Amino acid sequence: MVRGLYTAAAGMMAQQARLDTISNNLANAETTGFRRDEAVFRSFPEMLLWRLERDGGPIGTAATGCVVEGVFTSGRQGGLRETGNALDIALIGDVFLAVRGGDGEVYYTRNGSFTRDGSGRLVTGAGNPVLGVVNGNLEEIYLPDGELVVDTDGALSGAFSAAGEAVERLALVRSGIGQGWRKVGDSLFQGQPPAEEPDDYQVRQGYLEASNVNPVEEMVGMIAAMRAYEMNQKAIQAADVTLEKAVNEVGRV
């Protein structure tokens with residue numbers, strides 16, 4: 001009976017984690033380049049039950065609940081929306097753009113909604129400089145004339161480094177989702193990119209990529225999680241009533 005309480009409690013905690021993940025997905029359904037998350041469960045190891053009598057044998061196994069294995073990010077492509085803004089960039093394929101954070105570290109994003117700051121740098125909406133490649137090195141991109149031309153392979157025209165050298169192309173890396181990357185907020189990922197050069201991708205200037213969240217799927221998942229949460233809650237209530245009877249009634253016999 002007590003084991004049933006813990007099993008139901010573990011189920012409630014797992015469904016709460018699932019609800020939190022779904023709520024975050026829905027909150028970012030309109031966030032450019034957002035990648036949805038999904039909570040994945042695993043069961044606790046099963047217990048083998050034995051009879052206690054002499055020459056007792058196995059009765060069978062008993063499940064002991066589940067726990068959240070982890071939260072995994074979907075790399076599914078989001079839809080493209082045409083904006084006509086030359087500083088908006090969308091990616092098709094399993095690649096990410098490199099930007100420099102306020103701490104000087106390199107982060108990766110699919111949010112290509114860029115703008116030009118007061119010094120002429122190409123920056124994200126949060127003010128993080130977008131990085132390009134100059135002679136194999138990562139450099140911040142400056143647009144002295146305010147104009148930018150981006151080819152489908154990421155090659156740039158009209159972009160320069162702080163030293164005045166022409167920036168060859170956008171800094172693009174192969175996706176590291178599922179290989180140690182973690183979300184750090186503002187549609188940014190942190191981690192070591194795969195060593196392989198990206199291929200089979202396309203850069204679209206004047207477009208933005210929508211999030212890959214399907215609100216209908218998320219709402220269905222939320223309803224299922226809420227019902228599972230309620231069932232575990234009722235199981236705890238039923239166990240509580242039974243234990244109360246065992247203490248107050250059976251104990252008096």
# chains A, B, ... in the order shown; residues from 1 in each chain; ligands from 1
>>> residues_around(residues="Gly84 in chain A", least_positions_apart="5", cutoff="12 Å", atoms="only C-alpha atoms", output="PyMOL selection string")
chain A and resi 89-90+113+204-208
>>> residues_around(residues="Ala14 in chain A", least_positions_apart="3", cutoff="7 Å", atoms="only C-alpha atoms", output="VMD selection string")
chain A and resid 10 to 11 17 to 18 67 to 68
>>> write_last_selection(atoms="N, CA and C atoms", output="PDB file, in the first residue's frame")
ATOM      1  N   ALA A  10       5.495   9.485  -7.672  1.00  0.00           N
ATOM      2  CA  ALA A  10       6.488   9.594  -8.750  1.00  0.00           C
ATOM      3  C   ALA A  10       5.808   9.931 -10.068  1.00  0.00           C
ATOM      4  N   GLY A  11       4.634   9.340 -10.299  1.00  0.00           N
ATOM      5  CA  GLY A  11       3.888   9.654 -11.518  1.00  0.00           C
ATOM      6  C   GLY A  11       3.448  11.100 -11.562  1.00  0.00           C
ATOM      7  N   ALA A  17       6.543  17.658 -14.549  1.00  0.00           N
ATOM      8  CA  ALA A  17       7.663  18.040 -15.414  1.00  0.00           C
ATOM      9  C   ALA A  17       7.223  18.112 -16.870  1.00  0.00           C
ATOM     10  N   ARG A  18       6.360  17.188 -17.274  1.00  0.00           N
ATOM     11  CA  ARG A  18       5.838  17.206 -18.647  1.00  0.00           C
ATOM     12  C   ARG A  18       4.997  18.452 -18.888  1.00  0.00           C
ATOM     13  N   VAL A  67      10.304   8.055 -13.706  1.00  0.00           N
ATOM     14  CA  VAL A  67      11.046   9.275 -13.427  1.00  0.00           C
ATOM     15  C   VAL A  67      11.383   9.931 -14.760  1.00  0.00           C
ATOM     16  N   VAL A  68      11.620  11.233 -14.742  1.00  0.00           N
ATOM     17  CA  VAL A  68      11.982  11.943 -15.968  1.00  0.00           C
ATOM     18  C   VAL A  68      13.419  11.592 -16.345  1.00  0.00           C
TER      19      VAL A  68
END
>>> residues_around(residues="Asp103 in chain A", least_positions_apart="4", cutoff="12 Å", atoms="only C-alpha atoms", output="MDAnalysis selection string")
chainID A and resid 99 107 128:129
>>> write_last_selection(atoms="C-alpha atoms", output="tab-separated table (two decimals), in the first residue's frame")
chain	number	residue	atom	x	y	z
A	99	VAL	CA	26.86	34.69	-32.24
A	107	TYR	CA	26.61	30.63	-28.76
A	128	ASN	CA	24.62	39.77	-29.42
A	129	PRO	CA	27.03	40.30	-32.36
>>> residues_around(residues="range 222-224 of chain A", least_positions_apart="2", cutoff="9 Å", atoms="only C-alpha atoms", output="list in words")
Arg18, Leu19, Ile22, Ser23, Glu217, Glu218, Met219, Val220, Met226, Arg227, Ala228 and Tyr229 of chain A
>>> residues_around(residues="Asp151 in chain A", least_positions_apart="2", cutoff="8 Å", atoms="only C-alpha atoms", output="PyMOL selection string")
chain A and resi 149+153-156+203-205
>>> residues_around(residues="Gly70 in chain A", least_positions_apart="3", cutoff="8 Å", atoms="only C-alpha atoms", output="PyMOL selection string")
chain A and resi 39-41
>>> write_last_selection(atoms="N, CA and C atoms", output="PDB file, in the first residue's frame")
ATOM      1  N   ALA A  39       9.701  16.170 -22.563  1.00  0.00           N
ATOM      2  CA  ALA A  39      10.142  15.400 -21.404  1.00  0.00           C
ATOM      3  C   ALA A  39       9.982  13.913 -21.711  1.00  0.00           C
ATOM      4  N   VAL A  40      11.028  13.151 -21.463  1.00  0.00           N
ATOM      5  CA  VAL A  40      11.020  11.713 -21.734  1.00  0.00           C
ATOM      6  C   VAL A  40      11.134  10.971 -20.410  1.00  0.00           C
ATOM      7  N   PHE A  41      10.278   9.968 -20.233  1.00  0.00           N
ATOM      8  CA  PHE A  41      10.244   9.217 -18.977  1.00  0.00           C
ATOM      9  C   PHE A  41      10.954   7.876 -19.121  1.00  0.00           C
TER      10      PHE A  41
END
